[in-house]
Amino acid sequence: MQSRALGDNTFAGISRNVIANEDQYLFELDSGVPDISEIDKALLPTVGAELLGTLMVQATHDHFAFWERSQSLLEKMTGGSETYGLIPDLYTSVLMLFDQTGRSGVSTGELPLNGDHISGYLVYPLTEAVAKWFCQDYVEMDGSIKPGRAVIAGNGWIYGPPEDGDAPDNCSNLGGFLHHAEQVVAEPELQEELEQAREYIARLYGERANNIYQDVITAQRNRSLHGETEAPVEFGVLLTFIGILVSAKARN
């Protein structure tokens, strides 16, 4: 099933944002494979990239375990920080809302949107916050570019440095932060893992891998947060992607 789902011109897309019970798994369980909590953190970015591939078929408990471990690592690295300390709380909120509907089917009462839809909105500011935290040597959390630095946003877009009047000195481009994180900040090993992740996401959306940051993630973010359309319930994809950034930061 996995090899067929990850092949060319195939798309299973079965419940990839709903945690299935083990008796509903489309994958064969292997008791010899270690639990996510037991895996060396140096291997977690690679594991995260492969988990994006399996999202083409189904979200499993391995995905949720990866998200939880990423949150724990983020808490350890940012805990007590005045600048970044709220990011793990936002991450936790997304997980809790998802847990309510993804695992137990509990709705949010009288609210018109269920927890998974609310998570669909919250995951975009969470992704941007994690991306800026990952690129903290280049950008402040408010998007202002640090002196002597620039954010290379892809497609020929460059933000900063502030002292250079020819380029904007403030960036709110989510795809730009992700592009800069991969192409400028990431070590070569992480660049390969992020490239693999983009390849899997491209198969999910039927897009080219080079278009994922701007034409998929940023476009979805802008359309939903500007009220043009409902946020797609694709937080599983973004949680896994930012988990790769978090775990890569932890191994360094």
# chains A, B, ... in the order shown; residues from 1 in each chain; ligands from 1
>>> residues_around(residues="segment 130-139 of chain A", least_positions_apart="5", cutoff="7 Å", atoms="only C-alpha atoms", output="ChimeraX atom specification")
/A:144-146,149-151,177-178,181,185,242
>>> select_by_dssp(residues="segment 54-231 of chain A", states="alpha helix (DSSP H)", output="NGL selection string")
:A and (54 or 61-78 or 87-102 or 115-134 or 174-180 or 188-205 or 219-225)
>>> closest_residue(among="A:Pro188, A:Gly227, A:Gly236, A:Gly165", to="Met56 of chain A", atoms="only C-alpha atoms")
A:Gly236
>>> residues_around(residues="segment 69-79 of chain A", least_positions_apart="6", cutoff="6 Å", atoms="only C-alpha atoms", output="PDB file with C-alpha atoms, in the first residue's frame")
ATOM      1  CA  GLY A  85       8.328  31.344  24.806  1.00  0.00           C
ATOM      2  CA  PRO A  88       5.164  26.083  22.292  1.00  0.00           C
ATOM      3  CA  GLY A 243       8.555  19.344  13.220  1.00  0.00           C
TER       4      GLY A 243
END
>>> closest_residue(among="A:Val94, A:Val246, A:Leu238, A:Leu126", to="Ala42 of chain A", atoms="only C-alpha atoms")
A:Val246
>>> atom_distance(atom1="atom CA of Pro161 of chain A", atom2="atom CA of Gly148 of chain A")
5.4 Å
>>> select_by_dssp(residues="segment 23-232 of chain A", states="strand (DSSP E)", output="ChimeraX atom specification")
/A:151-154,157-159
>>> closest_residue(among="A:Ala231, A:Ala248, A:Leu190, A:Ile212", to="Tyr121 of chain A", atoms="only C-alpha atoms")
A:Ala231
>>> residues_around(residues="Gly120 of chain A", least_positions_apart="5", cutoff="8 Å", atoms="only C-alpha atoms", output="list of chain:residue names")
A:Ala231, A:Pro232, A:Val233, A:Glu234, A:Phe235
>>> write_last_selection(atoms="N, CA, C and O atoms", output="PDB file, in the first residue's frame")
ATOM      1  N   ALA A 231     -10.033  27.880   5.745  1.00  0.00           N
ATOM      2  CA  ALA A 231      -8.697  27.294   5.835  1.00  0.00           C
ATOM      3  C   ALA A 231      -8.780  25.800   5.572  1.00  0.00           C
ATOM      4  O   ALA A 231      -9.610  25.102   6.153  1.00  0.00           O
ATOM      5  N   PRO A 232      -7.930  25.284   4.690  1.00  0.00           N
ATOM      6  CA  PRO A 232      -7.939  23.843   4.443  1.00  0.00           C
ATOM      7  C   PRO A 232      -7.478  23.088   5.687  1.00  0.00           C
ATOM      8  O   PRO A 232      -6.593  23.549   6.417  1.00  0.00           O
ATOM      9  N   VAL A 233      -8.087  21.965   5.948  1.00  0.00           N
ATOM     10  CA  VAL A 233      -7.732  21.197   7.136  1.00  0.00           C
ATOM     11  C   VAL A 233      -6.489  20.365   6.806  1.00  0.00           C
ATOM     12  O   VAL A 233      -6.547  19.155   6.635  1.00  0.00           O
ATOM     13  N   GLU A 234      -5.366  21.061   6.684  1.00  0.00           N
ATOM     14  CA  GLU A 234      -4.118  20.415   6.304  1.00  0.00           C
ATOM     15  C   GLU A 234      -3.033  20.677   7.341  1.00  0.00           C
ATOM     16  O   GLU A 234      -1.861  20.745   7.016  1.00  0.00           O
ATOM     17  N   PHE A 235      -3.449  20.836   8.597  1.00  0.00           N
ATOM     18  CA  PHE A 235      -2.457  21.131   9.627  1.00  0.00           C
ATOM     19  C   PHE A 235      -1.514  19.959   9.851  1.00  0.00           C
ATOM     20  O   PHE A 235      -0.400  20.138  10.316  1.00  0.00           O
TER      21      PHE A 235
END
>>> residues_around(residues="Glu128 of chain A", least_positions_apart="6", cutoff="12 Å", atoms="only C-alpha atoms", output="PyMOL selection string")
chain A and resi 87+90-91+122+134-136+139-143+171-179+181+213+217-218+221+238-239+241-242+245
>>> write_last_selection(atoms="N, CA and C atoms", output="short mmCIF file (atom, residue, chain, number, x, y, z; two decimals), in the first residue's frame")
data_model
loop_
_atom_site.label_atom_id
_atom_site.label_comp_id
_atom_site.auth_asym_id
_atom_site.auth_seq_id
_atom_site.Cartn_x
_atom_site.Cartn_y
_atom_site.Cartn_z
N ILE A 87 5.59 30.32 21.58
CA ILE A 87 5.42 29.43 20.43
C ILE A 87 5.00 28.03 20.86
N LEU A 90 1.28 27.94 21.53
CA LEU A 90 0.47 27.93 20.31
C LEU A 90 0.49 26.54 19.69
N TYR A 91 1.65 25.91 19.69
CA TYR A 91 1.79 24.55 19.18
C TYR A 91 0.87 23.60 19.97
N LEU A 122 -5.01 28.14 12.98
CA LEU A 122 -3.91 28.41 13.91
C LEU A 122 -2.57 27.89 13.42
N PHE A 134 13.44 29.75 13.69
CA PHE A 134 14.51 29.00 13.05
C PHE A 134 15.49 29.96 12.36
N CYS A 135 14.98 31.07 11.84
CA CYS A 135 15.80 32.07 11.12
C CYS A 135 16.13 33.25 12.02
N GLN A 136 16.21 33.03 13.32
CA GLN A 136 16.32 34.13 14.27
C GLN A 136 17.59 34.97 14.11
N VAL A 139 16.03 37.57 11.34
CA VAL A 139 14.78 38.31 11.41
C VAL A 139 14.24 38.32 12.84
N GLU A 140 13.59 39.43 13.20
CA GLU A 140 12.91 39.52 14.49
C GLU A 140 11.53 38.88 14.36
N MET A 141 10.90 38.63 15.50
CA MET A 141 9.59 38.01 15.47
C MET A 141 8.52 38.91 14.84
N ASP A 142 8.73 40.21 14.83
CA ASP A 142 7.76 41.10 14.18
C ASP A 142 8.00 41.21 12.68
N GLY A 143 8.97 40.45 12.16
CA GLY A 143 9.24 40.44 10.74
C GLY A 143 10.31 41.42 10.29
N CYS A 171 9.42 41.69 6.65
CA CYS A 171 8.91 40.58 5.86
C CYS A 171 7.76 39.88 6.60
N SER A 172 6.66 39.66 5.91
CA SER A 172 5.56 38.87 6.45
C SER A 172 5.23 37.74 5.49
N ASN A 173 6.20 37.35 4.68
CA ASN A 173 6.03 36.35 3.64
C ASN A 173 6.36 34.97 4.20
N LEU A 174 5.33 34.17 4.53
CA LEU A 174 5.55 32.86 5.13
C LEU A 174 6.41 31.97 4.24
N GLY A 175 6.06 31.90 2.96
CA GLY A 175 6.86 31.10 2.04
C GLY A 175 8.29 31.58 1.95
N GLY A 176 8.47 32.91 2.07
CA GLY A 176 9.81 33.48 2.04
C GLY A 176 10.66 33.00 3.21
N PHE A 177 10.05 32.96 4.40
CA PHE A 177 10.78 32.46 5.57
C PHE A 177 11.15 30.99 5.40
N LEU A 178 10.23 30.20 4.85
CA LEU A 178 10.51 28.78 4.66
C LEU A 178 11.60 28.57 3.62
N HIS A 179 11.56 29.36 2.56
CA HIS A 179 12.62 29.28 1.53
C HIS A 179 13.97 29.66 2.13
N ALA A 181 14.83 29.54 5.27
CA ALA A 181 15.22 28.50 6.23
C ALA A 181 15.91 27.34 5.53
N TYR A 213 6.35 26.37 -1.31
CA TYR A 213 6.38 27.42 -0.30
C TYR A 213 5.48 28.60 -0.65
N ILE A 217 1.62 26.78 0.27
CA ILE A 217 1.50 27.14 1.68
C ILE A 217 1.14 28.61 1.85
N THR A 218 1.87 29.51 1.21
CA THR A 218 1.58 30.94 1.35
C THR A 218 0.23 31.28 0.75
N ARG A 221 -2.46 30.17 3.10
CA ARG A 221 -2.45 31.05 4.28
C ARG A 221 -3.15 32.38 3.97
N LEU A 238 1.54 20.68 7.78
CA LEU A 238 2.37 21.75 8.31
C LEU A 238 2.99 21.39 9.66
N LEU A 239 2.25 20.69 10.51
CA LEU A 239 2.84 20.26 11.78
C LEU A 239 4.03 19.34 11.54
N PHE A 241 5.89 19.31 8.81
CA PHE A 241 6.97 20.09 8.20
C PHE A 241 7.73 20.90 9.25
N ILE A 242 7.00 21.61 10.13
CA ILE A 242 7.72 22.41 11.12
C ILE A 242 8.39 21.52 12.16
N LEU A 245 11.87 21.13 11.06
CA LEU A 245 12.72 22.28 11.42
C LEU A 245 13.09 22.23 12.90
#
>>> residues_around(residues="segment 197-206 of chain A", least_positions_apart="2", cutoff="8 Å", atoms="only C-alpha atoms", output="ChimeraX atom specification")
/A:11,13,49-50,52-53,56,193-195,208-210,212,237,241
>>> closest_residue(among="A:Ile244, A:Asp40, A:Glu230, A:Val216", to="Ser119 of chain A", atoms="only C-alpha atoms")
A:Glu230
